[in-house]
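Q: Next comes the structure file upload_2.cif, holding mmCIF, C-alpha atoms and all ligand atoms.
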```cif
data_entry
loop_
_atom_site.group_PDB
_atom_site.id
_atom_site.type_symbol
_atom_site.label_atom_id
_atom_site.label_comp_id
_atom_site.auth_asym_id
_atom_site.auth_seq_id
_atom_site.Cartn_x
_atom_site.Cartn_y
_atom_site.Cartn_z
ATOM 1 C CA MET N 27 5.035 -29.244 -19.577
ATOM 2 C CA LYS N 28 4.781 -27.609 -16.142
ATOM 3 C CA VAL N 29 1.866 -25.704 -14.633
ATOM 4 C CA PHE N 30 2.475 -23.058 -11.965
ATOM 5 C CA SER N 31 -0.025 -20.959 -10.061
ATOM 6 C CA GLY N 32 0.005 -17.438 -8.704
ATOM 7 C CA THR N 33 -1.892 -16.771 -5.502
ATOM 8 C CA ALA N 34 -5.089 -15.333 -7.065
ATOM 9 C CA ASN N 35 -6.903 -18.653 -7.548
ATOM 10 C CA LEU N 36 -4.956 -21.642 -6.260
ATOM 11 C CA PRO N 37 -8.013 -23.977 -6.081
ATOM 12 C CA LEU N 38 -8.627 -23.538 -9.820
ATOM 13 C CA ALA N 39 -4.952 -24.116 -10.692
ATOM 14 C CA LYS N 40 -4.960 -27.296 -8.562
ATOM 15 C CA LYS N 41 -8.019 -28.599 -10.428
ATOM 16 C CA ILE N 42 -6.379 -27.815 -13.777
ATOM 17 C CA ALA N 43 -3.260 -29.738 -12.737
ATOM 18 C CA GLN N 44 -5.462 -32.619 -11.542
ATOM 19 C CA HIS N 45 -7.198 -32.690 -14.926
ATOM 20 C CA LEU N 46 -3.760 -32.907 -16.583
ATOM 21 C CA ASP N 47 -2.692 -35.567 -14.089
ATOM 22 C CA ILE N 48 0.466 -33.670 -13.128
ATOM 23 C CA PRO N 49 1.497 -32.010 -9.844
ATOM 24 C CA LEU N 50 1.426 -28.207 -9.656
ATOM 25 C CA GLY N 51 4.920 -26.798 -10.101
ATOM 26 C CA ASP N 52 6.833 -25.505 -7.089
ATOM 27 C CA VAL N 53 7.070 -21.718 -7.046
ATOM 28 C CA GLU N 54 7.663 -19.484 -4.059
ATOM 29 C CA ILE N 55 5.651 -16.278 -3.897
ATOM 30 C CA SER N 56 6.315 -14.201 -0.829
ATOM 31 C CA ARG N 57 6.455 -10.583 0.265
ATOM 32 C CA PHE N 58 9.137 -8.170 1.298
ATOM 33 C CA ASN N 59 8.338 -6.281 4.487
ATOM 34 C CA ASP N 60 6.989 -3.310 2.538
ATOM 35 C CA GLY N 61 4.588 -5.525 0.570
ATOM 36 C CA GLU N 62 6.605 -5.899 -2.653
ATOM 37 C CA ILE N 63 6.259 -9.330 -4.277
ATOM 38 C CA PHE N 64 9.108 -11.874 -4.467
ATOM 39 C CA VAL N 65 8.893 -14.755 -6.965
ATOM 40 C CA LYS N 66 11.223 -17.752 -7.270
ATOM 41 C CA TYR N 67 10.784 -21.081 -9.102
ATOM 42 C CA ASN N 68 11.972 -23.837 -6.786
ATOM 43 C CA GLU N 69 12.552 -26.315 -9.609
ATOM 44 C CA ASN N 70 14.429 -26.341 -12.901
ATOM 45 C CA ILE N 71 12.312 -25.028 -15.782
ATOM 46 C CA ARG N 72 15.063 -24.657 -18.410
ATOM 47 C CA GLY N 73 13.695 -25.790 -21.772
ATOM 48 C CA THR N 74 10.208 -26.401 -20.304
ATOM 49 C CA ASP N 75 6.772 -25.560 -21.717
ATOM 50 C CA VAL N 76 5.562 -23.384 -18.812
ATOM 51 C CA PHE N 77 1.906 -22.498 -18.119
ATOM 52 C CA ILE N 78 1.271 -19.822 -15.477
ATOM 53 C CA VAL N 79 -2.290 -19.736 -14.101
ATOM 54 C CA GLN N 80 -3.271 -16.352 -12.666
ATOM 55 C CA PRO N 81 -6.543 -14.432 -13.110
ATOM 56 C CA THR N 82 -5.980 -10.671 -13.049
ATOM 57 C CA SER N 83 -9.011 -9.834 -10.935
ATOM 58 C CA PRO N 84 -8.559 -7.131 -8.257
ATOM 59 C CA PRO N 85 -6.421 -6.327 -6.335
ATOM 60 C CA GLY N 86 -3.837 -4.997 -8.798
ATOM 61 C CA ASP N 87 -1.142 -7.125 -7.122
ATOM 62 C CA ASN N 88 -2.516 -10.104 -9.082
ATOM 63 C CA ILE N 89 -1.392 -8.616 -12.385
ATOM 64 C CA LEU N 90 1.997 -7.700 -10.888
ATOM 65 C CA GLU N 91 2.413 -11.258 -9.603
ATOM 66 C CA LEU N 92 1.664 -12.611 -13.090
ATOM 67 C CA LEU N 93 4.228 -10.265 -14.669
ATOM 68 C CA LEU N 94 6.907 -11.237 -12.133
ATOM 69 C CA MET N 95 6.188 -14.952 -12.675
ATOM 70 C CA ILE N 96 6.524 -14.500 -16.445
ATOM 71 C CA ASP N 97 9.747 -12.515 -16.002
ATOM 72 C CA ALA N 98 11.252 -15.108 -13.659
ATOM 73 C CA ALA N 99 10.329 -17.953 -16.059
ATOM 74 C CA ARG N 100 11.899 -16.129 -19.014
ATOM 75 C CA ARG N 101 15.103 -15.493 -17.072
ATOM 76 C CA ALA N 102 15.150 -19.168 -16.027
ATOM 77 C CA SER N 103 15.203 -20.141 -19.752
ATOM 78 C CA ALA N 104 11.731 -21.684 -20.045
ATOM 79 C CA LYS N 105 11.234 -22.816 -23.654
ATOM 80 C CA ARG N 106 7.772 -21.293 -23.962
ATOM 81 C CA ILE N 107 5.668 -19.312 -21.475
ATOM 82 C CA THR N 108 1.880 -19.311 -21.707
ATOM 83 C CA ALA N 109 0.006 -16.851 -19.504
ATOM 84 C CA VAL N 110 -3.193 -18.684 -18.544
ATOM 85 C CA ILE N 111 -5.475 -15.820 -17.474
ATOM 86 C CA PRO N 112 -8.873 -17.321 -16.529
ATOM 87 C CA TYR N 113 -10.261 -13.797 -15.998
ATOM 88 C CA PHE N 114 -8.581 -11.022 -17.966
ATOM 89 C CA GLY N 115 -9.032 -7.929 -15.793
ATOM 90 C CA TYR N 116 -8.790 -4.266 -16.790
ATOM 91 C CA ALA N 117 -10.578 -5.259 -20.003
ATOM 92 C CA ARG N 118 -13.528 -2.886 -19.689
ATOM 93 C CA GLN N 119 -11.510 0.106 -20.891
ATOM 94 C CA ASP N 120 -10.747 -1.203 -24.360
ATOM 95 C CA ARG N 121 -11.404 1.914 -26.490
ATOM 96 C CA LYS N 122 -11.180 5.648 -26.097
ATOM 97 C CA ASP N 123 -14.887 6.399 -25.816
ATOM 98 C CA GLN N 124 -14.368 9.581 -23.777
ATOM 99 C CA PRO N 125 -11.598 12.161 -23.885
ATOM 100 C CA ARG N 126 -8.563 11.701 -21.601
ATOM 101 C CA VAL N 127 -9.211 8.117 -20.471
ATOM 102 C CA ALA N 128 -6.720 5.252 -20.210
ATOM 103 C CA LEU N 129 -6.813 2.235 -22.529
ATOM 104 C CA SER N 130 -6.201 -0.271 -19.747
ATOM 105 C CA ALA N 131 -6.760 -3.403 -21.866
ATOM 106 C CA LYS N 132 -4.016 -2.339 -24.278
ATOM 107 C CA LEU N 133 -1.681 -1.467 -21.400
ATOM 108 C CA MET N 134 -2.242 -4.934 -19.863
ATOM 109 C CA ALA N 135 -1.449 -6.522 -23.244
ATOM 110 C CA ASN N 136 1.786 -4.512 -23.528
ATOM 111 C CA LEU N 137 2.834 -5.444 -19.985
ATOM 112 C CA ILE N 138 2.176 -9.172 -20.454
ATOM 113 C CA SER N 139 4.075 -9.269 -23.767
ATOM 114 C CA THR N 140 6.970 -7.151 -22.478
ATOM 115 C CA ALA N 141 7.355 -9.376 -19.405
ATOM 116 C CA GLY N 142 8.038 -12.252 -21.829
ATOM 117 C CA ALA N 143 4.850 -14.281 -22.361
ATOM 118 C CA ASN N 144 4.940 -16.220 -25.629
ATOM 119 C CA ARG N 145 1.211 -16.863 -25.741
ATOM 120 C CA VAL N 146 -1.993 -16.179 -23.837
ATOM 121 C CA LEU N 147 -4.926 -18.421 -22.963
ATOM 122 C CA THR N 148 -8.097 -16.892 -21.550
ATOM 123 C CA LEU N 149 -11.868 -17.299 -21.292
ATOM 124 C CA ASP N 150 -14.691 -14.924 -22.320
ATOM 125 C CA LEU N 151 -12.789 -11.692 -22.837
ATOM 126 C CA HIS N 152 -14.937 -8.650 -22.194
ATOM 127 C CA SER N 153 -14.451 -7.826 -25.863
ATOM 128 C CA ALA N 154 -13.007 -10.337 -28.346
ATOM 129 C CA SER N 155 -11.131 -7.558 -30.136
ATOM 130 C CA ILE N 156 -8.686 -7.305 -27.194
ATOM 131 C CA GLN N 157 -6.916 -10.261 -28.851
ATOM 132 C CA GLY N 158 -5.710 -7.777 -31.459
ATOM 133 C CA PHE N 159 -3.839 -5.817 -28.764
ATOM 134 C CA PHE N 160 -1.373 -8.724 -28.630
ATOM 135 C CA ASP N 161 1.222 -9.653 -31.264
ATOM 136 C CA ILE N 162 1.686 -13.139 -29.794
ATOM 137 C CA PRO N 163 -0.597 -16.183 -30.292
ATOM 138 C CA PHE N 164 -3.799 -15.876 -28.302
ATOM 139 C CA ASP N 165 -6.302 -18.636 -27.531
ATOM 140 C CA HIS N 166 -9.768 -17.468 -26.515
ATOM 141 C CA LEU N 167 -12.115 -19.985 -24.870
ATOM 142 C CA TYR N 168 -15.905 -19.632 -24.577
ATOM 143 C CA SER N 169 -17.981 -20.170 -21.438
ATOM 144 C CA SER N 170 -20.766 -21.830 -23.435
ATOM 145 C CA ALA N 171 -18.605 -24.975 -23.175
ATOM 146 C CA ILE N 172 -19.044 -24.787 -19.372
ATOM 147 C CA PHE N 173 -22.663 -23.612 -19.057
ATOM 148 C CA VAL N 174 -24.718 -24.975 -21.962
ATOM 149 C CA ASP N 175 -24.923 -28.583 -20.715
ATOM 150 C CA TYR N 176 -26.092 -27.370 -17.284
ATOM 151 C CA ILE N 177 -28.710 -25.065 -18.842
ATOM 152 C CA LYS N 178 -29.970 -27.998 -20.922
ATOM 153 C CA GLU N 179 -30.148 -30.166 -17.787
ATOM 154 C CA ILE N 180 -32.435 -27.737 -15.928
ATOM 155 C CA LYS N 181 -34.862 -27.931 -18.869
ATOM 156 C CA LEU N 182 -36.268 -24.378 -19.052
ATOM 157 C CA GLU N 183 -39.432 -24.498 -21.144
ATOM 158 C CA ASN N 184 -40.094 -21.792 -23.721
ATOM 159 C CA PRO N 185 -36.662 -20.165 -23.207
ATOM 160 C CA VAL N 186 -35.438 -16.801 -24.433
ATOM 161 C CA VAL N 187 -31.800 -15.741 -24.142
ATOM 162 C CA VAL N 188 -31.338 -12.118 -23.095
ATOM 163 C CA ALA N 189 -28.224 -9.945 -23.393
ATOM 164 C CA PRO N 190 -28.222 -7.402 -20.504
ATOM 165 C CA ASP N 191 -26.503 -4.838 -22.741
ATOM 166 C CA VAL N 192 -25.689 -4.376 -26.401
ATOM 167 C CA GLY N 193 -22.025 -5.351 -25.792
ATOM 168 C CA SER N 194 -23.128 -8.820 -24.641
ATOM 169 C CA SER N 195 -25.435 -9.468 -27.586
ATOM 170 C CA LYS N 196 -22.899 -11.467 -29.641
ATOM 171 C CA ARG N 197 -22.129 -13.747 -26.686
ATOM 172 C CA ALA N 198 -25.845 -14.136 -25.894
ATOM 173 C CA GLY N 199 -26.531 -14.839 -29.574
ATOM 174 C CA ALA N 200 -24.103 -17.763 -29.477
ATOM 175 C CA TYR N 201 -25.996 -19.193 -26.472
ATOM 176 C CA ALA N 202 -29.340 -18.661 -28.264
ATOM 177 C CA ASN N 203 -28.028 -20.628 -31.261
ATOM 178 C CA ARG N 204 -26.789 -23.501 -29.152
ATOM 179 C CA LEU N 205 -30.011 -23.622 -27.098
ATOM 180 C CA HIS N 206 -32.300 -23.088 -30.127
ATOM 181 C CA ALA N 207 -33.875 -20.130 -28.301
ATOM 182 C CA GLU N 208 -34.991 -16.631 -29.288
ATOM 183 C CA LEU N 209 -32.791 -13.620 -28.454
ATOM 184 C CA ALA N 210 -33.718 -10.326 -26.751
ATOM 185 C CA VAL N 211 -31.452 -7.423 -25.748
ATOM 186 C CA VAL N 212 -31.539 -4.786 -23.006
ATOM 187 C CA ASP N 213 -30.244 -1.410 -24.124
ATOM 188 C CA LYS N 214 -28.411 -0.404 -20.941
ATOM 189 C CA ARG N 215 -27.497 3.238 -20.281
ATOM 190 C CA ARG N 216 -24.915 4.161 -17.643
ATOM 191 C CA SER N 217 -24.598 7.496 -15.822
ATOM 192 C CA ALA N 218 -21.076 6.611 -14.597
ATOM 193 C CA PRO N 219 -18.899 3.449 -14.415
ATOM 194 C CA ASN N 220 -20.776 0.847 -12.289
ATOM 195 C CA LYS N 221 -23.915 3.086 -12.167
ATOM 196 C CA ILE N 222 -26.817 2.207 -14.439
ATOM 197 C CA LYS N 223 -29.379 4.842 -15.330
ATOM 198 C CA THR N 224 -31.954 2.978 -17.377
ATOM 199 C CA GLY N 225 -32.578 -0.009 -19.578
ATOM 200 C CA THR N 226 -34.931 -0.581 -22.499
ATOM 201 C CA LEU N 227 -35.935 -4.060 -23.588
ATOM 202 C CA ILE N 228 -35.732 -4.940 -27.276
ATOM 203 C CA GLY N 229 -37.554 -8.238 -27.912
ATOM 204 C CA GLU N 230 -40.342 -10.385 -26.483
ATOM 205 C CA VAL N 231 -40.128 -12.130 -23.086
ATOM 206 C CA GLU N 232 -43.745 -12.301 -21.866
ATOM 207 C CA GLY N 233 -44.629 -15.747 -20.520
ATOM 208 C CA LYS N 234 -41.099 -17.031 -21.289
ATOM 209 C CA ASN N 235 -38.278 -18.331 -19.133
ATOM 210 C CA VAL N 236 -35.238 -16.095 -19.454
ATOM 211 C CA ILE N 237 -31.566 -17.027 -19.648
ATOM 212 C CA LEU N 238 -29.648 -13.794 -19.019
ATOM 213 C CA VAL N 239 -26.051 -14.065 -20.309
ATOM 214 C CA ASP N 240 -23.170 -11.764 -19.292
ATOM 215 C CA ASP N 241 -19.389 -11.931 -18.984
ATOM 216 C CA ILE N 242 -18.812 -10.101 -15.684
ATOM 217 C CA VAL N 243 -20.870 -9.643 -12.532
ATOM 218 C CA ASP N 244 -19.212 -6.852 -10.596
ATOM 219 C CA THR N 245 -21.681 -4.786 -8.490
ATOM 220 C CA GLY N 246 -24.585 -6.862 -9.825
ATOM 221 C CA GLY N 247 -26.242 -3.640 -11.057
ATOM 222 C CA THR N 248 -26.438 -4.687 -14.722
ATOM 223 C CA LEU N 249 -28.043 -8.049 -13.956
ATOM 224 C CA CYS N 250 -30.490 -6.704 -11.341
ATOM 225 C CA VAL N 251 -31.662 -3.789 -13.521
ATOM 226 C CA ALA N 252 -32.169 -6.241 -16.405
ATOM 227 C CA ALA N 253 -33.965 -8.759 -14.153
ATOM 228 C CA ASN N 254 -36.399 -6.103 -12.837
ATOM 229 C CA LEU N 255 -37.111 -4.937 -16.370
ATOM 230 C CA LEU N 256 -37.699 -8.502 -17.553
ATOM 231 C CA ARG N 257 -40.031 -9.267 -14.651
ATOM 232 C CA LYS N 258 -42.059 -6.118 -15.484
ATOM 233 C CA ALA N 259 -42.197 -7.256 -19.103
ATOM 234 C CA GLY N 260 -43.805 -10.541 -18.011
ATOM 235 C CA ALA N 261 -40.854 -12.944 -17.912
ATOM 236 C CA LYS N 262 -41.393 -16.091 -15.811
ATOM 237 C CA LYS N 263 -38.182 -17.590 -14.360
ATOM 238 C CA ILE N 264 -35.024 -15.485 -14.711
ATOM 239 C CA PHE N 265 -31.905 -17.630 -14.829
ATOM 240 C CA VAL N 266 -28.424 -16.075 -15.219
ATOM 241 C CA ALA N 267 -25.250 -17.511 -16.768
ATOM 242 C CA CYS N 268 -22.321 -15.188 -16.070
ATOM 243 C CA THR N 269 -18.681 -16.162 -16.532
ATOM 244 C CA HIS N 270 -16.605 -14.068 -14.134
ATOM 245 C CA PRO N 271 -17.870 -13.633 -10.522
ATOM 246 C CA ILE N 272 -16.199 -10.449 -9.281
ATOM 247 C CA PHE N 273 -19.057 -9.852 -6.800
ATOM 248 C CA SER N 274 -17.817 -6.532 -5.427
ATOM 249 C CA GLY N 275 -19.510 -4.646 -2.558
ATOM 250 C CA GLY N 276 -23.025 -5.878 -1.819
ATOM 251 C CA ALA N 277 -23.475 -7.663 -5.174
ATOM 252 C CA VAL N 278 -24.370 -11.077 -3.754
ATOM 253 C CA ASP N 279 -27.095 -9.728 -1.459
ATOM 254 C CA LYS N 280 -28.478 -7.544 -4.246
ATOM 255 C CA ILE N 281 -28.768 -10.659 -6.413
ATOM 256 C CA GLN N 282 -30.255 -12.710 -3.581
ATOM 257 C CA LYS N 283 -33.043 -10.089 -3.206
ATOM 258 C CA SER N 284 -33.625 -9.663 -6.971
ATOM 259 C CA PRO N 285 -36.115 -11.543 -9.208
ATOM 260 C CA ILE N 286 -33.191 -13.742 -10.408
ATOM 261 C CA SER N 287 -33.997 -17.363 -9.526
ATOM 262 C CA GLN N 288 -30.475 -18.743 -9.985
ATOM 263 C CA ILE N 289 -27.108 -17.424 -11.185
ATOM 264 C CA VAL N 290 -24.537 -19.854 -12.480
ATOM 265 C CA VAL N 291 -20.960 -18.567 -12.614
ATOM 266 C CA SER N 292 -17.579 -20.158 -13.294
ATOM 267 C CA ASP N 293 -14.592 -20.381 -10.943
ATOM 268 C CA THR N 294 -12.279 -18.095 -12.966
ATOM 269 C CA VAL N 295 -12.345 -15.731 -9.996
ATOM 270 C CA PHE N 296 -12.131 -17.224 -6.507
ATOM 271 C CA VAL N 297 -15.385 -16.740 -4.561
ATOM 272 C CA PRO N 298 -14.738 -16.786 -0.790
ATOM 273 C CA GLU N 299 -17.178 -18.611 1.550
ATOM 274 C CA GLU N 300 -18.658 -15.336 2.861
ATOM 275 C CA LYS N 301 -19.797 -14.422 -0.658
ATOM 276 C CA LYS N 302 -21.584 -17.700 -1.351
ATOM 277 C CA ARG N 303 -25.413 -17.519 -1.390
ATOM 278 C CA GLU N 304 -28.231 -19.947 -2.099
ATOM 279 C CA LYS N 305 -28.924 -18.521 -5.568
ATOM 280 C CA ILE N 306 -25.284 -18.786 -6.681
ATOM 281 C CA LYS N 307 -24.020 -21.963 -8.325
ATOM 282 C CA ILE N 308 -20.356 -22.279 -9.310
ATOM 283 C CA LEU N 309 -19.292 -24.550 -12.183
ATOM 284 C CA THR N 310 -15.617 -25.250 -12.691
ATOM 285 C CA SER N 311 -13.720 -24.108 -15.770
ATOM 286 C CA ALA N 312 -10.800 -26.437 -14.926
ATOM 287 C CA PRO N 313 -11.538 -29.238 -17.465
ATOM 288 C CA LEU N 314 -11.841 -26.635 -20.245
ATOM 289 C CA PHE N 315 -8.534 -24.967 -19.320
ATOM 290 C CA GLY N 316 -6.885 -28.352 -18.734
ATOM 291 C CA GLU N 317 -7.934 -29.601 -22.159
ATOM 292 C CA ALA N 318 -6.805 -26.356 -23.840
ATOM 293 C CA ILE N 319 -3.402 -26.545 -22.107
ATOM 294 C CA LYS N 320 -3.007 -30.162 -23.210
ATOM 295 C CA ARG N 321 -3.822 -29.199 -26.795
ATOM 296 C CA ILE N 322 -1.474 -26.191 -26.803
ATOM 297 C CA HIS N 323 1.326 -28.415 -25.508
ATOM 298 C CA ASN N 324 0.606 -31.128 -28.103
ATOM 299 C CA GLU N 325 0.141 -28.548 -30.914
ATOM 300 C CA GLU N 326 -3.471 -29.653 -31.457
ATOM 301 C CA SER N 327 -6.553 -27.666 -32.478
ATOM 302 C CA ILE N 328 -8.304 -25.570 -29.808
ATOM 303 C CA SER N 329 -11.247 -24.526 -31.972
ATOM 304 C CA SER N 330 -12.386 -28.152 -32.260
ATOM 305 C CA LEU N 331 -13.064 -27.972 -28.486
ATOM 306 C CA PHE N 332 -16.112 -25.866 -29.385
ATOM 307 C CA ASP N 333 -17.603 -28.014 -32.148
ATOM 308 C CA SER N 334 -21.104 -28.657 -30.887
HETATM 309 C C1 LIG N 401 -20.204 -4.459 -18.962
HETATM 310 O O1 LIG N 401 -20.269 -4.008 -20.069
HETATM 311 C C2 LIG N 401 -20.039 -5.918 -18.611
HETATM 312 O O2 LIG N 401 -20.352 -6.776 -19.661
HETATM 313 C C3 LIG N 401 -20.873 -6.241 -17.383
HETATM 314 O O3 LIG N 401 -22.231 -6.145 -17.724
HETATM 315 C C4 LIG N 401 -20.550 -5.296 -16.268
HETATM 316 O O4 LIG N 401 -19.176 -5.181 -16.056
HETATM 317 C C5 LIG N 401 -21.211 -5.745 -14.985
HETATM 318 O O5 LIG N 401 -20.935 -4.788 -13.997
HETATM 319 P P1 LIG N 401 -21.958 -4.554 -12.809
HETATM 320 O O6 LIG N 401 -22.225 -5.900 -12.210
HETATM 321 O O7 LIG N 401 -21.222 -3.627 -11.898
HETATM 322 O O8 LIG N 401 -23.184 -3.918 -13.395
#
```
Write the structure described by the file as structure tokens, please.

A:
Amino acid sequence: MKVFSGTANLPLAKKIAQHLDIPLGDVEISRFNDGEIFVKYNENIRGTDVFIVQPTSPPGDNILELLLMIDAARRASAKRITAVIPYFGYARQDRKDQPRVALSAKLMANLISTAGANRVLTLDLHSASIQGFFDIPFDHLYSSAIFVDYIKEIKLENPVVVAPDVGSSKRAGAYANRLHAELAVVDKRRSAPNKIKTGTLIGEVEGKNVILVDDIVDTGGTLCVAANLLRKAGAKKIFVACTHPIFSGGAVDKIQKSPISQIVVSDTVFVPEEKKREKIKILTSAPLFGEAIKRIHNEESISSLFDS
């Protein structure tokens, strides 16, 4: 088994390799003068079980880098290539809900398979049905394995789990089950991508401590609209568990000024120093990915990782 990393999130890949007690593989990723990407494995990978760690968060070069790494590994006769995609980007367009739009999630699946990946490992897909866009084995991990112990540690009394939109209700429901808490949902309405018009709360939060659960924090709009609505509805503390910290534009300052008391995110997407704020806590997903990689390599069960 060998683990290689693209350039999107080297710290996470290093932690995964540490968990597996192996060194990160040696791969050269450089640029031609015009910005095109050059990939070369600097060690023999013939007959090897290769794992390539690369989240496909923006910029788009990250997905290209992943495809080139898969292609190079296939041409170097790796025995099996697993694309380890901690954050699967371009997932939010997963159905044709308006005329003349792209189905980016399906296109990403086609590209990854065509490049030569034999299997995919990822965490908290925007929509679980994206797995069906692939005709290769797909292992889908859940962030509850990273966040639930921490949420239990902070001992929120009288908790209610809230989904900030209907799409997140299944994920939030799983958290509610594991935390033995009630569930409420915000019916979010958008006027355009990344622009939220209104939200309506379905459920009871008055006098309760809220755990708001989402997969992606991009502009922070979804979480802040939900947090304001919850505060108006009488919620006490508003705690957020959100898997993928994209934090675009002024998201971190918007969150810092919002009624959210703390947001816990994972390290699937690299958060630079200038985006770190007091309210943001980052928990690593490396042991979860490391364990899943070990189990894939040893042909062991992944689902048993989630037996509570
Ligand atoms: C949308 O359906 C996702 O689950 C997230 O709620 C959304 O992508 C967050 O985006 P933003 O932070 O820009 O509101």

Q: Please, which residues in chain N fall within 9 Å of ligand LIG 401 (chain N) when counting only C-alpha atoms and all ligand atoms, and what is the closest atom pair and distance in Å to one decimal for each, ordered by chain then residue number, as a tab-separated table?

A:
```
residue	atom	partner	partner_atom	distance
N:Arg118	CA	N:LIG401	O1	6.8
N:His152	CA	N:LIG401	O2	6.3
N:Ser153	CA	N:LIG401	O2	8.6
N:Pro190	CA	N:LIG401	O3	6.7
N:Asp191	CA	N:LIG401	O3	6.7
N:Val192	CA	N:LIG401	O1	8.3
N:Gly193	CA	N:LIG401	O1	6.1
N:Ser194	CA	N:LIG401	O2	6.1
N:Lys214	CA	N:LIG401	O1	8.9
N:Pro219	CA	N:LIG401	O7	7.9
N:Asn220	CA	N:LIG401	O7	4.5
N:Lys221	CA	N:LIG401	O8	7.1
N:Ile222	CA	N:LIG401	O8	7.2
N:Asp240	CA	N:LIG401	O2	5.7
N:Asp241	CA	N:LIG401	O2	5.3
N:Ile242	CA	N:LIG401	C3	4.7
N:Val243	CA	N:LIG401	O6	4.0
N:Asp244	CA	N:LIG401	O6	3.5
N:Thr245	CA	N:LIG401	O7	3.6
N:Gly246	CA	N:LIG401	O6	3.5
N:Gly247	CA	N:LIG401	O8	3.9
N:Thr248	CA	N:LIG401	O8	3.6
N:Leu249	CA	N:LIG401	O8	6.4
N:Cys250	CA	N:LIG401	O8	8.1
N:Val251	CA	N:LIG401	O8	8.5
N:Ile272	CA	N:LIG401	O6	8.1
N:Phe273	CA	N:LIG401	O6	7.4
N:Ser274	CA	N:LIG401	O7	7.9
N:Ala277	CA	N:LIG401	O6	7.4
```

Q: Please provide the set of residues having any atom within 9 Å of Val186 of chain N, restricted to all atoms listed in the file, with same-chain residues fewer than 4 positions apart removed, written as a list in words.

A: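 Result of the neighbour search: Ala202, Ala207, Glu208, Leu209, Ala210, Glu230, Val231, Lys234, Asn235, Val236, Ile237 and Leu238 of chain N.
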
Q: What is the distance, in Å and to one decimal place, between atom CA of Arg101 of chain N and atom CA of Asp161 of chain N?

A: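 Separation of atom CA of Arg101 of chain N and atom CA of Asp161 of chain N: 20.7 Å.
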
Q: Grab all the atoms of segment 250-266 of chain N that the file lists, wrap them in a box along x, y and z, add 6 Å per side, and give me centre plus edge lengths in Å (one decimal) as JSON.

A:
```
{"center_x": -36.1, "center_y": -10.7, "center_z": -15.2, "size_x": 27.4, "size_y": 25.8, "size_z": 19.8}
```

Q: Write out, as JSON lines, each residue of segment 168-280 of chain N that has an atom at most 8 Å from segment 299-323 of chain N, together with the closest pair of atoms and their distance in Å to one decimal, counting all atoms listed in the file, rows going by chain and rising number.

A:
```
{"residue": "N:Ala171", "atom": "CA", "partner": "N:Leu314", "partner_atom": "CA", "distance": 7.6}
{"residue": "N:Ile172", "atom": "CA", "partner": "N:Ser311", "partner_atom": "CA", "distance": 6.5}
{"residue": "N:Phe173", "atom": "CA", "partner": "N:Leu309", "partner_atom": "CA", "distance": 7.7}
{"residue": "N:Phe273", "atom": "CA", "partner": "N:Lys301", "partner_atom": "CA", "distance": 7.7}
{"residue": "N:Val278", "atom": "CA", "partner": "N:Lys301", "partner_atom": "CA", "distance": 6.5}
{"residue": "N:Asp279", "atom": "CA", "partner": "N:Arg303", "partner_atom": "CA", "distance": 8.0}
```

Q: Applied to this file, what does the PyMOL selection byres (((chain N and resi 141) around 8) and not hetatm) return in terms of residues, put as a count of residues only?

A: 10

Q: Please evaluate the PyMOL selection byres (((chain N and resi 33-48) around 7) and not hetatm) against the structure above and give the resulting residues as a compact mmCIF listing (two decimals) with C-alpha atoms, in the frame of the given file.

A:
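The resulting part_13.txt:
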```txt
# COMPACT_ATOMS: atom_id res chain seq x y z
CA VAL N 29 1.87 -25.70 -14.63
CA SER N 31 -0.02 -20.96 -10.06
CA GLY N 32 0.00 -17.44 -8.70
CA PRO N 49 1.50 -32.01 -9.84
CA LEU N 50 1.43 -28.21 -9.66
CA VAL N 79 -2.29 -19.74 -14.10
CA GLN N 80 -3.27 -16.35 -12.67
CA PRO N 81 -6.54 -14.43 -13.11
CA ASN N 88 -2.52 -10.10 -9.08
CA ASP N 293 -14.59 -20.38 -10.94
CA VAL N 295 -12.34 -15.73 -10.00
CA PHE N 296 -12.13 -17.22 -6.51
CA ALA N 312 -10.80 -26.44 -14.93
CA PRO N 313 -11.54 -29.24 -17.46
CA PHE N 315 -8.53 -24.97 -19.32
CA GLY N 316 -6.88 -28.35 -18.73
```

Q: With a distance cut-off of 7 Å and all atoms listed in the file, select the neighbouring residues of Ser287 of chain N, excluding the residue or stretch itself and same-chain residues fewer than 4 positions from it, and output the selection as a list in words.

A: Lys263, Ile264, Phe265 and Lys305 of chain N

Q: With only C-alpha atoms as the atoms that count, which of N:Gln119, N:Ser130, N:Asn59, N:Asn144 lies nearest to Phe77 of chain N?

A: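 Counting only C-alpha atoms, the residue closest to Phe77 of chain N is N:Asn144.
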
Q: Should you be able to, write segment 306-310 of chain N of this structure into a file that contains N, CA and C atoms, as an mmCIF file, in the first residue's frame.

A:
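Full text of out_4.cif as output:
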```
data_model
loop_
_atom_site.group_PDB
_atom_site.id
_atom_site.type_symbol
_atom_site.label_atom_id
_atom_site.label_comp_id
_atom_site.auth_asym_id
_atom_site.auth_seq_id
_atom_site.Cartn_x
_atom_site.Cartn_y
_atom_site.Cartn_z
ATOM 1 N N ILE N 306 -14.224 29.111 15.588
ATOM 2 C CA ILE N 306 -14.059 27.945 14.710
ATOM 3 C C ILE N 306 -13.126 26.920 15.334
ATOM 4 N N LYS N 307 -13.619 25.688 15.471
ATOM 5 C CA LYS N 307 -12.759 24.613 15.976
ATOM 6 C C LYS N 307 -12.638 23.552 14.877
ATOM 7 N N ILE N 308 -11.401 23.112 14.628
ATOM 8 C CA ILE N 308 -11.184 22.131 13.557
ATOM 9 C C ILE N 308 -10.817 20.784 14.172
ATOM 10 N N LEU N 309 -11.583 19.745 13.822
ATOM 11 C CA LEU N 309 -11.262 18.386 14.272
ATOM 12 C C LEU N 309 -10.746 17.604 13.072
ATOM 13 N N THR N 310 -9.746 16.769 13.291
ATOM 14 C CA THR N 310 -9.172 16.077 12.137
ATOM 15 C C THR N 310 -9.977 14.841 11.725
#
```
